[in-house]
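Colleague: To be precise about what I am sending: the file is called structure.cif and holds mmCIF, C-alpha atoms and all ligand atoms.
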data_my_file
loop_
_atom_site.label_atom_id
_atom_site.label_comp_id
_atom_site.auth_asym_id
_atom_site.auth_seq_id
_atom_site.Cartn_x
_atom_site.Cartn_y
_atom_site.Cartn_z
CA MET A 1 18.84 10.01 -22.13
CA ARG A 2 19.05 10.65 -18.42
CA PRO A 3 19.69 7.74 -16.09
CA LEU A 4 16.58 6.21 -14.61
CA GLY A 5 15.49 7.72 -11.33
CA ILE A 6 17.00 11.13 -10.78
CA PHE A 7 17.39 10.45 -7.10
CA SER A 8 20.67 11.44 -5.58
CA MET A 9 21.65 9.89 -2.26
CA VAL A 10 24.30 12.57 -1.79
CA GLY A 11 21.67 15.22 -2.41
CA ILE A 12 19.30 13.80 0.18
CA LEU A 13 21.92 13.30 2.84
CA GLY A 14 23.32 16.73 2.10
CA MET A 15 19.89 18.26 2.47
CA SER A 16 19.16 16.60 5.79
CA ALA A 17 22.57 17.62 7.15
CA LEU A 18 21.86 21.16 6.00
CA ALA A 19 18.40 21.05 7.59
CA GLN A 20 19.95 20.08 10.92
CA GLN A 21 22.43 22.94 10.75
CA VAL A 22 19.72 25.39 9.87
CA SER A 23 17.33 24.20 12.56
CA SER A 24 19.86 24.99 15.29
CA GLN A 25 19.90 28.60 14.10
CA THR A 26 17.03 30.75 12.92
CA PRO A 27 14.32 28.86 10.97
CA ALA A 28 14.92 29.27 7.23
CA PRO A 29 11.94 29.79 4.92
CA ALA A 30 10.79 26.45 3.48
CA LYS A 31 11.88 25.78 -0.08
CA ARG A 32 9.10 26.64 -2.52
CA ILE A 33 8.39 24.38 -5.50
CA VAL A 34 5.85 25.10 -8.24
CA ILE A 35 4.47 22.26 -10.36
CA ALA A 36 2.58 22.91 -13.58
CA ALA A 37 -0.05 20.35 -14.63
CA THR A 38 -2.73 20.09 -17.28
CA THR A 39 -4.61 17.19 -15.65
CA VAL A 40 -4.79 16.73 -11.89
CA LEU A 41 -6.72 14.02 -10.02
CA ASP A 42 -7.18 15.45 -6.53
CA GLY A 43 -7.39 12.00 -4.91
CA ARG A 44 -11.01 12.57 -3.85
CA GLY A 45 -12.64 11.91 -7.21
CA GLN A 46 -12.33 15.36 -8.81
CA VAL A 47 -10.36 16.29 -11.92
CA LEU A 48 -8.74 19.72 -12.19
CA HIS A 49 -7.40 21.16 -15.42
CA ASN A 50 -4.55 23.59 -16.01
CA ALA A 51 -3.43 23.94 -12.43
CA ARG A 52 -0.43 24.92 -10.37
CA ILE A 53 0.51 22.96 -7.29
CA VAL A 54 2.66 24.91 -4.86
CA VAL A 55 4.77 23.05 -2.31
CA GLU A 56 6.65 24.57 0.61
CA GLY A 57 8.95 22.30 2.55
CA SER A 58 7.18 18.95 2.94
CA LYS A 59 3.63 20.26 2.40
CA ILE A 60 1.27 21.43 -0.29
CA VAL A 61 0.32 25.05 0.21
CA ALA A 62 -1.87 25.65 -2.86
CA VAL A 63 -3.62 23.79 -5.67
CA ASP A 64 -5.00 26.39 -8.02
CA LYS A 65 -6.03 27.27 -11.49
CA ILE A 66 -3.20 28.89 -13.43
CA ASP A 67 -2.12 32.08 -11.76
CA ASP A 68 1.58 32.42 -12.42
CA THR A 69 1.75 35.84 -10.82
CA ARG A 70 0.76 34.21 -7.53
CA ALA A 71 2.32 30.76 -8.00
CA GLY A 72 5.65 32.01 -9.36
CA PRO A 73 8.01 30.37 -11.87
CA VAL A 74 7.45 26.70 -12.66
CA ASP A 75 10.03 24.27 -11.24
CA TYR A 76 8.53 21.02 -12.58
CA ASP A 77 6.56 21.08 -15.79
CA LEU A 78 4.27 18.03 -15.67
CA ARG A 79 1.93 19.22 -18.40
CA GLY A 80 0.76 16.43 -20.67
CA LEU A 81 0.89 13.95 -17.77
CA THR A 82 -1.71 12.95 -15.18
CA VAL A 83 -0.78 14.29 -11.74
CA LEU A 84 -2.25 12.70 -8.61
CA PRO A 85 -1.44 12.00 -4.97
CA GLY A 86 1.12 9.29 -4.26
CA TRP A 87 -0.61 5.95 -3.91
CA ILE A 88 -1.19 4.06 -0.67
CA ASP A 89 -0.88 0.27 -0.59
CA ALA A 90 -2.75 -0.96 2.50
CA HIS A 91 -1.26 -4.44 2.48
CA VAL A 92 2.31 -5.40 1.63
CA HIS A 93 5.04 -7.54 3.12
CA ILE A 94 7.91 -5.16 2.45
CA THR A 95 10.73 -7.34 3.81
CA TRP A 96 9.65 -10.45 1.91
CA SER A 97 12.24 -11.37 -0.72
CA PHE A 98 13.94 -14.17 -2.62
CA GLY A 99 17.19 -15.38 -1.06
CA PRO A 100 20.68 -15.73 -2.57
CA ASP A 101 19.71 -19.23 -3.79
CA GLY A 102 16.82 -17.70 -5.73
CA LYS A 103 14.21 -19.38 -3.54
CA ASN A 104 11.53 -17.72 -1.44
CA ALA A 105 13.24 -16.47 1.72
CA GLY A 106 10.13 -15.14 3.48
CA GLN A 107 9.95 -11.90 5.42
CA GLY A 108 11.76 -12.32 8.72
CA GLY A 109 15.32 -12.51 7.41
CA THR A 110 18.09 -10.61 9.17
CA THR A 111 21.06 -11.51 6.96
CA PRO A 112 22.82 -8.73 5.01
CA GLU A 113 21.20 -10.12 1.85
CA ALA A 114 17.73 -9.96 3.38
CA THR A 115 18.37 -6.45 4.67
CA TYR A 116 19.51 -5.11 1.30
CA ALA A 117 16.60 -6.91 -0.38
CA ALA A 118 14.16 -5.14 1.94
CA ALA A 119 15.78 -1.77 1.18
CA SER A 120 15.52 -2.61 -2.51
CA ASN A 121 11.84 -3.51 -2.13
CA ALA A 122 11.24 -0.12 -0.52
CA TRP A 123 13.05 1.68 -3.33
CA LEU A 124 11.15 -0.19 -6.07
CA THR A 125 7.84 0.48 -4.32
CA LEU A 126 8.54 4.21 -4.10
CA MET A 127 9.65 4.34 -7.75
CA ALA A 128 6.33 2.68 -8.68
CA GLY A 129 4.46 5.67 -7.21
CA PHE A 130 3.57 4.27 -3.77
CA THR A 131 4.49 6.88 -1.18
CA THR A 132 2.81 5.13 1.78
CA ILE A 133 2.51 1.43 2.50
CA GLN A 134 1.21 -0.67 5.33
CA SER A 135 3.36 -3.73 6.03
CA VAL A 136 1.44 -6.41 7.88
CA GLY A 137 3.95 -7.31 9.21
CA SER A 138 7.31 -8.39 10.46
CA PRO A 139 9.59 -7.13 13.24
CA ALA A 140 12.14 -6.54 10.43
CA ASP A 141 9.87 -3.74 9.16
CA VAL A 142 10.70 -1.52 12.11
CA PRO A 143 14.32 -0.49 11.37
CA LEU A 144 13.43 -0.05 7.67
CA ARG A 145 10.45 2.16 8.56
CA ASP A 146 12.59 4.24 10.90
CA ALA A 147 15.54 4.61 8.49
CA ILE A 148 13.18 5.86 5.76
CA ALA A 149 11.41 8.20 8.17
CA ARG A 150 14.77 9.71 9.18
CA GLY A 151 15.68 10.31 5.54
CA LEU A 152 18.53 7.78 5.53
CA LEU A 153 17.04 5.54 2.85
CA PRO A 154 14.66 6.26 -0.03
CA GLY A 155 11.34 4.48 0.33
CA PRO A 156 7.66 4.91 1.02
CA ARG A 157 6.32 5.97 4.40
CA ILE A 158 5.87 2.64 6.21
CA LEU A 159 3.29 1.64 8.78
CA THR A 160 3.87 -1.77 10.32
CA ALA A 161 2.01 -4.34 12.39
CA VAL A 162 5.35 -5.72 13.71
CA GLU A 163 4.36 -9.27 14.76
CA PRO A 164 0.88 -10.43 13.75
CA ILE A 165 -1.55 -12.41 15.88
CA MET A 166 -1.55 -15.87 14.30
CA GLY A 167 -4.88 -17.57 14.94
CA ARG A 168 -4.24 -21.12 16.18
CA GLY A 169 -7.52 -21.99 17.81
CA GLU A 170 -7.32 -22.26 21.57
CA GLN A 171 -3.53 -22.00 21.38
CA THR A 172 -3.91 -18.39 20.23
CA GLY A 173 -4.46 -17.68 23.90
CA THR A 174 -7.08 -16.54 26.33
CA PRO A 175 -8.66 -13.13 25.76
CA ASP A 176 -6.36 -11.69 28.42
CA GLU A 177 -3.28 -13.21 26.77
CA ILE A 178 -4.39 -11.82 23.42
CA ARG A 179 -4.84 -8.38 24.94
CA ALA A 180 -1.32 -8.59 26.39
CA PHE A 181 0.03 -9.54 22.94
CA VAL A 182 -1.62 -6.45 21.43
CA ARG A 183 -0.01 -4.22 24.05
CA LYS A 184 3.34 -5.90 23.42
CA GLN A 185 3.13 -5.02 19.70
CA LYS A 186 2.31 -1.43 20.56
CA ALA A 187 5.35 -1.29 22.85
CA ALA A 188 7.46 -2.71 19.99
CA GLY A 189 6.39 0.19 17.79
CA ALA A 190 3.37 -1.20 15.93
CA ASP A 191 1.25 1.28 13.96
CA LEU A 192 -1.58 -1.24 13.67
CA ILE A 193 -2.44 -4.82 14.65
CA LYS A 194 -2.63 -7.62 12.06
CA ILE A 195 -4.73 -10.66 12.89
CA TYR A 196 -4.97 -13.99 11.06
CA ALA A 197 -8.49 -15.25 11.79
CA SER A 198 -8.93 -17.94 9.16
CA GLY A 199 -7.16 -20.49 7.04
CA GLY A 200 -6.38 -20.19 3.35
CA MET A 201 -8.28 -18.97 0.31
CA THR A 202 -10.18 -22.14 -0.43
CA ARG A 203 -10.87 -23.95 2.81
CA GLY A 204 -10.40 -24.19 6.53
CA PRO A 205 -12.42 -23.02 9.51
CA MET A 206 -11.88 -19.86 11.52
CA THR A 207 -8.63 -20.01 13.47
CA MET A 208 -9.88 -17.73 16.25
CA SER A 209 -13.16 -17.72 18.14
CA GLN A 210 -15.47 -14.73 18.18
CA GLU A 211 -14.42 -14.12 21.78
CA GLN A 212 -10.72 -14.11 20.87
CA LEU A 213 -11.32 -11.76 17.93
CA ASN A 214 -13.39 -9.44 20.11
CA ALA A 215 -10.55 -9.26 22.63
CA ALA A 216 -7.94 -8.47 19.96
CA CYS A 217 -9.95 -5.76 18.22
CA ASP A 218 -11.20 -4.22 21.46
CA GLU A 219 -7.76 -4.04 23.04
CA ALA A 220 -6.29 -2.52 19.87
CA LYS A 221 -8.99 0.14 19.93
CA LYS A 222 -8.20 0.90 23.57
CA GLN A 223 -4.54 1.29 22.60
CA GLY A 224 -5.46 3.61 19.73
CA LEU A 225 -4.49 1.09 17.05
CA ARG A 226 -6.39 -0.11 14.00
CA THR A 227 -6.94 -3.81 13.27
CA LEU A 228 -6.54 -5.58 9.93
CA VAL A 229 -7.97 -9.09 9.88
CA HIS A 230 -6.97 -11.76 7.38
CA ALA A 231 -10.39 -13.33 6.87
CA TYR A 232 -12.11 -15.67 4.44
CA ARG A 233 -15.68 -17.02 4.54
CA ASP A 234 -17.30 -16.88 8.00
CA ALA A 235 -14.29 -15.06 9.49
CA VAL A 236 -15.36 -11.97 7.51
CA ARG A 237 -18.58 -11.60 9.50
CA ALA A 238 -16.84 -12.45 12.78
CA ALA A 239 -14.14 -9.80 12.18
CA THR A 240 -16.82 -7.24 11.32
CA LEU A 241 -18.81 -8.06 14.45
CA ALA A 242 -15.60 -7.79 16.49
CA GLY A 243 -15.32 -4.18 15.33
CA CYS A 244 -12.10 -4.57 13.37
CA THR A 245 -11.05 -1.71 11.08
CA GLU A 246 -10.45 -3.63 7.86
CA VAL A 247 -10.97 -7.09 6.41
CA GLU A 248 -8.15 -8.41 4.23
CA HIS A 249 -8.94 -10.70 1.25
CA GLY A 250 -12.57 -11.56 2.10
CA LEU A 251 -13.14 -14.30 -0.47
CA GLY A 252 -16.14 -16.44 0.45
CA ALA A 253 -18.03 -13.64 2.19
CA SER A 254 -21.75 -13.61 1.39
CA ASP A 255 -23.62 -10.56 0.14
CA ASP A 256 -25.10 -10.24 3.64
CA ASP A 257 -21.61 -10.23 5.15
CA LEU A 258 -20.57 -7.46 2.75
CA LYS A 259 -23.71 -5.47 3.57
CA LEU A 260 -22.92 -5.78 7.28
CA MET A 261 -19.42 -4.44 6.58
CA ALA A 262 -20.93 -1.46 4.74
CA GLU A 263 -23.30 -0.79 7.66
CA ARG A 264 -20.52 -0.96 10.22
CA GLY A 265 -18.06 1.07 8.11
CA THR A 266 -15.58 -1.81 7.99
CA TYR A 267 -13.12 -1.40 5.12
CA LEU A 268 -12.61 -4.23 2.65
CA ASP A 269 -9.21 -4.85 1.07
CA PRO A 270 -9.57 -7.51 -1.64
CA GLN A 271 -6.94 -8.52 -4.21
CA ALA A 272 -7.68 -8.84 -7.89
CA GLY A 273 -4.82 -10.86 -9.34
CA LEU A 274 -1.31 -9.50 -8.76
CA LEU A 275 -0.66 -11.79 -5.78
CA LEU A 276 -1.68 -15.01 -7.50
CA GLU A 277 -0.02 -13.99 -10.75
CA THR A 278 3.21 -13.37 -8.83
CA TYR A 279 3.09 -16.81 -7.21
CA LEU A 280 2.45 -18.42 -10.58
CA GLN A 281 5.13 -16.38 -12.34
CA TYR A 282 7.71 -17.36 -9.70
CA LYS A 283 6.44 -20.87 -9.07
CA ASP A 284 9.96 -22.35 -9.17
CA LYS A 285 11.10 -19.97 -6.46
CA TYR A 286 8.06 -20.57 -4.24
CA LEU A 287 7.52 -24.30 -4.70
CA ALA A 288 8.39 -25.86 -1.34
CA PRO A 289 6.04 -28.44 0.18
CA PRO A 290 4.22 -28.55 2.50
CA TYR A 291 3.42 -24.82 2.23
CA TYR A 292 3.60 -24.26 -1.51
CA THR A 293 2.67 -27.49 -3.27
CA GLU A 294 1.96 -28.45 -6.89
CA GLU A 295 -1.64 -28.84 -5.79
CA SER A 296 -1.81 -25.30 -4.41
CA PHE A 297 -0.35 -23.83 -7.61
CA ALA A 298 -2.92 -25.72 -9.66
CA ALA A 299 -5.66 -24.30 -7.42
CA MET A 300 -4.34 -20.73 -7.83
CA LYS A 301 -5.23 -20.64 -11.52
CA ALA A 302 -8.87 -21.31 -10.71
CA LEU A 303 -8.78 -18.80 -7.88
CA ILE A 304 -8.00 -15.82 -10.11
CA PRO A 305 -11.51 -15.75 -11.64
CA ALA A 306 -12.98 -16.39 -8.17
CA HIS A 307 -11.31 -13.22 -6.92
CA GLN A 308 -12.55 -11.28 -9.93
CA GLU A 309 -16.09 -12.48 -9.29
CA PHE A 310 -15.76 -11.51 -5.63
CA ILE A 311 -14.71 -7.95 -6.48
CA GLN A 312 -17.48 -7.64 -9.06
CA ARG A 313 -19.90 -8.55 -6.28
CA ALA A 314 -18.29 -6.26 -3.69
CA VAL A 315 -18.41 -3.13 -5.90
CA ARG A 316 -22.18 -3.56 -6.18
CA VAL A 317 -22.73 -3.36 -2.41
CA PRO A 318 -23.85 0.22 -1.65
CA GLY A 319 -21.62 2.06 0.78
CA LEU A 320 -18.96 -0.66 1.04
CA LYS A 321 -15.57 1.04 1.37
CA ILE A 322 -13.05 -0.84 -0.77
CA VAL A 323 -9.41 0.15 -0.33
CA TYR A 324 -6.32 -0.74 -2.31
CA GLY A 325 -4.01 -3.39 -0.91
CA THR A 326 -1.99 -5.75 -3.06
CA ASP A 327 -0.57 -8.25 -0.54
CA ALA A 328 2.79 -7.71 -2.29
CA VAL A 329 5.19 -10.57 -1.56
CA ALA A 330 8.64 -11.40 -3.02
CA GLY A 331 8.55 -10.68 -6.74
CA ALA A 332 5.67 -8.17 -6.51
CA HIS A 333 7.43 -5.18 -4.95
CA GLY A 334 7.54 -2.35 -7.47
CA ARG A 335 4.68 -3.89 -9.41
CA ASN A 336 2.03 -2.88 -6.86
CA ALA A 337 0.11 -0.90 -9.49
CA GLU A 338 -0.64 -4.07 -11.48
CA ASP A 339 -3.61 -4.81 -9.23
CA PHE A 340 -5.26 -1.56 -10.43
CA ILE A 341 -5.29 -3.09 -13.88
CA ASN A 342 -6.75 -6.35 -12.59
CA ARG A 343 -9.41 -4.49 -10.62
CA VAL A 344 -10.51 -2.27 -13.49
CA ARG A 345 -10.14 -4.76 -16.34
CA ASP A 346 -11.42 -7.87 -14.55
CA GLY A 347 -13.10 -6.72 -11.34
CA GLY A 348 -15.52 -4.17 -12.75
CA VAL A 349 -14.03 -1.35 -10.69
CA ASP A 350 -14.50 2.15 -12.06
CA PRO A 351 -11.06 3.65 -12.86
CA MET A 352 -11.66 6.77 -10.74
CA ALA A 353 -12.83 4.59 -7.82
CA ALA A 354 -9.65 2.55 -8.22
CA MET A 355 -7.52 5.69 -7.93
CA VAL A 356 -9.49 7.00 -4.93
CA SER A 357 -9.17 3.60 -3.23
CA ALA A 358 -5.40 4.16 -3.11
CA ASN A 359 -5.65 7.90 -2.38
CA SER A 360 -8.18 9.62 -0.08
CA LEU A 361 -10.12 6.47 0.85
CA GLY A 362 -6.89 4.60 1.52
CA ALA A 363 -5.75 7.49 3.72
CA GLU A 364 -9.07 7.53 5.57
CA ALA A 365 -8.69 3.81 6.32
CA LEU A 366 -5.27 4.57 7.85
CA GLY A 367 -6.74 7.42 9.90
CA MET A 368 -4.44 9.77 7.96
CA ALA A 369 -6.86 11.63 5.68
CA ASP A 370 -5.65 14.93 7.13
CA GLN A 371 -2.06 14.14 6.13
CA ILE A 372 -1.96 12.15 2.87
CA GLY A 373 -4.10 10.84 0.00
CA SER A 374 -5.33 14.13 -1.47
CA LEU A 375 -3.84 17.11 -3.25
CA ALA A 376 -4.94 19.90 -0.94
CA PRO A 377 -3.30 22.67 1.09
CA GLY A 378 -1.86 21.48 4.39
CA LEU A 379 -1.31 17.89 3.29
CA GLN A 380 2.03 16.18 2.70
CA ALA A 381 3.44 16.85 -0.75
CA ASP A 382 3.18 13.25 -1.97
CA ILE A 383 2.72 13.78 -5.69
CA ILE A 384 3.16 11.46 -8.65
CA ALA A 385 2.67 11.79 -12.39
CA LEU A 386 1.71 9.18 -14.97
CA ASP A 387 2.51 9.21 -18.66
CA GLY A 388 -1.08 8.64 -19.74
CA ASP A 389 -4.58 8.98 -18.35
CA PRO A 390 -5.62 6.09 -16.07
CA LEU A 391 -9.29 7.06 -16.47
CA LYS A 392 -9.06 6.24 -20.17
CA ASP A 393 -6.34 3.58 -20.12
CA ILE A 394 -5.70 1.95 -16.77
CA THR A 395 -2.32 0.61 -17.94
CA ALA A 396 -1.04 4.19 -17.52
CA VAL A 397 -0.47 3.20 -13.87
CA ARG A 398 2.63 1.34 -15.10
CA ARG A 399 4.17 4.57 -16.38
CA VAL A 400 5.04 6.54 -13.26
CA VAL A 401 7.44 9.25 -14.42
CA PHE A 402 7.51 11.57 -11.42
CA VAL A 403 7.56 10.81 -7.70
CA MET A 404 7.67 13.37 -4.91
CA LYS A 405 7.31 12.33 -1.28
CA GLY A 406 7.09 14.88 1.48
CA GLY A 407 8.29 17.59 -0.90
CA VAL A 408 11.40 15.68 -2.03
CA VAL A 409 11.58 14.62 -5.67
CA TYR A 410 12.81 11.03 -5.96
CA LYS A 411 12.07 10.50 -9.63
CA ASN A 412 11.68 12.78 -12.61
CA ALA A 413 12.33 10.56 -15.59
CA ALA A 414 12.22 11.32 -19.27
CA HIS A 415 9.08 9.58 -20.54
CA SER A 416 10.96 7.39 -22.97
CA ALA A 417 13.36 6.23 -20.23
CA MET A 418 10.66 4.40 -18.28
CA PRO A 419 10.71 0.63 -18.23
CA VAL A 420 7.23 -0.83 -17.90
CA HIS A 421 8.06 -3.21 -15.06
CA ALA A 422 10.89 -1.85 -12.98
CA GLY A 423 10.20 -4.43 -10.32
CA ALA A 424 9.65 -7.48 -12.48
CA LEU A 425 13.28 -8.49 -12.84
CA PRO A 426 13.77 -11.99 -11.48
ZN ZN B 501 -0.59 -10.59 3.34
#
Would you put the structure from the file into structure tokens?
Modeller:
Amino acid sequence: MRPLGIFSMVGILGMSALAQQVSSQTPAPAKRIVIAATTVLDGRGQVLHNARIVVEGSKIVAVDKIDDTRAGPVDYDLRGLTVLPGWIDAHVHITWSFGPDGKNAGQGGTTPEATYAAASNAWLTLMAGFTTIQSVGSPADVPLRDAIARGLLPGPRILTAVEPIMGRGEQTGTPDEIRAFVRKQKAAGADLIKIYASGGMTRGPMTMSQEQLNAACDEAKKQGLRTLVHAYRDAVRAATLAGCTEVEHGLGASDDDLKLMAERGTYLDPQAGLLLETYLQYKDKYLAPPYYTEESFAAMKALIPAHQEFIQRAVRVPGLKIVYGTDAVAGAHGRNAEDFINRVRDGGVDPMAAMVSANSLGAEALGMADQIGSLAPGLQADIIALDGDPLKDITAVRRVVFVMKGGVVYKNAAHSAMPVHAGALP
């Protein structure tokens, strides 16, 4: 049995050192990799059979029916598996971890323990088949994002909000102050702007006025940044009217609110269970009044069916674009795919729609549809394989046996060597 995860740090570092040497001389031809597959989901809702995927360097150059004379010898034989684009998780908190005392340490930590925990979260997330994530956000995301982008650490491609706008009523600031805050995040390297516009899942008024929200979303647009708004109840409509890109969570939105989102093209990112299940599973680690109380844990149990009902309602709204975001916190990293199971089993989401929500639709919501989210020539070679067919058995999403990101293979595990929950270890 081969060791789990056939990733070699020496190999990666060696390759990047080699690439630097080569780039100072004449450009070398990109390395060509041929993948054989019997079942391919293209990320856009189509299934291809008996195909070859050809990769050169970091990009896909062909996805074709079998033509070995053109494709060349097979480097990775993924026949018998389901091959699809690497998944996109639109909403994680990648630096959020448990501390050395076992208790929830949050996401802003800068100790060596917190730093290694964040690197570990990134590794587990990549091994689970997620090749791009949006962290929403923490300033601690930035060095992790950059180290991964430079090839120094294995992990998914990271987009970060850096510091979010925390709605605190009038104290959030004047519209001009909010605009300045947006520009400050951009200067700090933000890929998007995260906004908290309402209280918690069950109650609380909006924490920003319509005018404040308008200023935040408008300024972000002017700066070329997308906006993700944490919104429940009436904040969903307000965020939509403000022209934000995507509403996070959304519980308590009316059918009319959801229809307005569909009309405006606002993406919805709901969660179907992983987040609450993680809190409940790790209650001892999270329990810390006044933020995480016995009362709030008791309420979470009842909230799981409420989220399922919400998703069942959302999928029936014509034209509403529902993306995949798990809100992964400490304890959930590496288990991001669990929410697919919740969505399909409990939320009434069609399995193919669930896959597309984390592939081409997820990429579209990031403004990156021309780079990731589909298996097509010219796109990044972010390719994963599942031992099983998620269209027939959604639990196949737990069995990610192959992960390639940007043309580099990070995992190519013997099927029998796969643990079901790599990230579930306490
Ligand atoms: Zn969140």
Colleague: Taking all atoms listed in the file into account, which of A:Gln312, A:Thr69, A:Gln46, A:Thr326 comes nearest ligand ZN 501 (chain B)?
Modeller: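 Of all the options, A:Thr326 lies closest to ligand ZN 501 (chain B).
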Colleague: Using all atoms listed in the file, which protein or nucleic acid residues come within 12 Å of Ser138 in chain A? Drop anything in the same chain fewer than 4 positions from it, and give the result as an MDAnalysis selection string.
Modeller: chainID A and resid 92:96 106:110 118 134 142:145 158:165 185 188:194
Colleague: Pick out the closest residue to ligand ZN 501 (chain B) from this set: A:Arg345, A:His91, A:Arg203, A:Arg157. Count only C-alpha atoms and all ligand atoms.
Modeller: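 Smallest separation from ligand ZN 501 (chain B) among the options: A:His91.
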Colleague: Pick out the residues no farther than 10 Å from ligand ZN 501 (chain B), counting all atoms listed in the file, and list them as a compact mmCIF listing (two decimals) with C-alpha atoms, keeping the file's coordinate frame.
Modeller:
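Printed below is part_6.txt as written:
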# COMPACT_ATOMS: atom_id res chain seq x y z
CA ALA A 90 -2.75 -0.96 2.50
CA HIS A 91 -1.26 -4.44 2.48
CA VAL A 92 2.31 -5.40 1.63
CA HIS A 93 5.04 -7.54 3.12
CA SER A 135 3.36 -3.73 6.03
CA VAL A 136 1.44 -6.41 7.88
CA GLY A 137 3.95 -7.31 9.21
CA LYS A 194 -2.63 -7.62 12.06
CA TYR A 196 -4.97 -13.99 11.06
CA VAL A 229 -7.97 -9.09 9.88
CA HIS A 230 -6.97 -11.76 7.38
CA GLU A 248 -8.15 -8.41 4.23
CA HIS A 249 -8.94 -10.70 1.25
CA LEU A 275 -0.66 -11.79 -5.78
CA GLY A 325 -4.01 -3.39 -0.91
CA THR A 326 -1.99 -5.75 -3.06
CA ASP A 327 -0.57 -8.25 -0.54
CA ALA A 328 2.79 -7.71 -2.29
CA VAL A 329 5.19 -10.57 -1.56
Colleague: Between CA of Ala71 in chain A and CA of Met355 in chain A, what is the distance, to one decimal in Å?
Modeller: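 Separation of CA of Ala71 in chain A and CA of Met355 in chain A: 26.9 Å.
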Colleague: Looking at A:Lys285, A:Arg44, A:Arg32, A:Lys221, which one is nearest to Lys59 in chain A, with distances taken over only C-alpha atoms?
Modeller: A:Arg32
Colleague: So how far away is CA of Ala238 in chain A from CA of Glu211 in chain A, in Å?
Modeller: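 It comes out at 9.5 Å.
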Colleague: Taking all atoms listed in the file into account, name the residue in A:Trp87, A:Lys222, A:Gly362, A:Thr202 that is nearest to Ala128 in chain A.
Modeller: A:Trp87
Colleague: When you get a chance, write out N, CA and C atoms for range 264-275 of chain A, as a JSON list (two decimals), in the frame of the given file.
Modeller:
[["chain", "number", "residue", "atom", "x", "y", "z"],
["A", 264, "ARG", "N", -21.41, -1.24, 9.09],
["A", 264, "ARG", "CA", -20.52, -0.96, 10.22],
["A", 264, "ARG", "C", -19.35, -0.03, 9.84],
["A", 265, "GLY", "N", -19.19, 0.23, 8.55],
["A", 265, "GLY", "CA", -18.06, 1.07, 8.11],
["A", 265, "GLY", "C", -16.74, 0.33, 8.11],
["A", 266, "THR", "N", -16.80, -1.00, 8.03],
["A", 266, "THR", "CA", -15.58, -1.81, 7.99],
["A", 266, "THR", "C", -15.02, -1.77, 6.56],
["A", 267, "TYR", "N", -13.74, -1.46, 6.45],
["A", 267, "TYR", "CA", -13.12, -1.40, 5.12],
["A", 267, "TYR", "C", -12.85, -2.80, 4.60],
["A", 268, "LEU", "N", -12.94, -2.96, 3.29],
["A", 268, "LEU", "CA", -12.61, -4.23, 2.65],
["A", 268, "LEU", "C", -11.38, -4.02, 1.76],
["A", 269, "ASP", "N", -10.42, -4.91, 1.90],
["A", 269, "ASP", "CA", -9.21, -4.85, 1.07],
["A", 269, "ASP", "C", -9.05, -6.17, 0.31],
["A", 270, "PRO", "N", -9.68, -6.27, -0.84],
["A", 270, "PRO", "CA", -9.57, -7.51, -1.64],
["A", 270, "PRO", "C", -8.41, -7.42, -2.63],
["A", 271, "GLN", "N", -7.99, -8.52, -3.19],
["A", 271, "GLN", "CA", -6.94, -8.52, -4.21],
["A", 271, "GLN", "C", -7.53, -9.08, -5.51],
["A", 272, "ALA", "N", -7.04, -8.52, -6.62],
["A", 272, "ALA", "CA", -7.68, -8.84, -7.89],
["A", 272, "ALA", "C", -6.81, -9.66, -8.83],
["A", 273, "GLY", "N", -5.59, -10.03, -8.42],
["A", 273, "GLY", "CA", -4.82, -10.86, -9.34],
["A", 273, "GLY", "C", -3.31, -10.80, -9.20],
["A", 274, "LEU", "N", -2.77, -9.62, -8.81],
["A", 274, "LEU", "CA", -1.31, -9.50, -8.76],
["A", 274, "LEU", "C", -0.67, -10.58, -7.88],
["A", 275, "LEU", "N", -1.26, -10.83, -6.72],
["A", 275, "LEU", "CA", -0.66, -11.79, -5.78],
["A", 275, "LEU", "C", -0.57, -13.17, -6.41]]
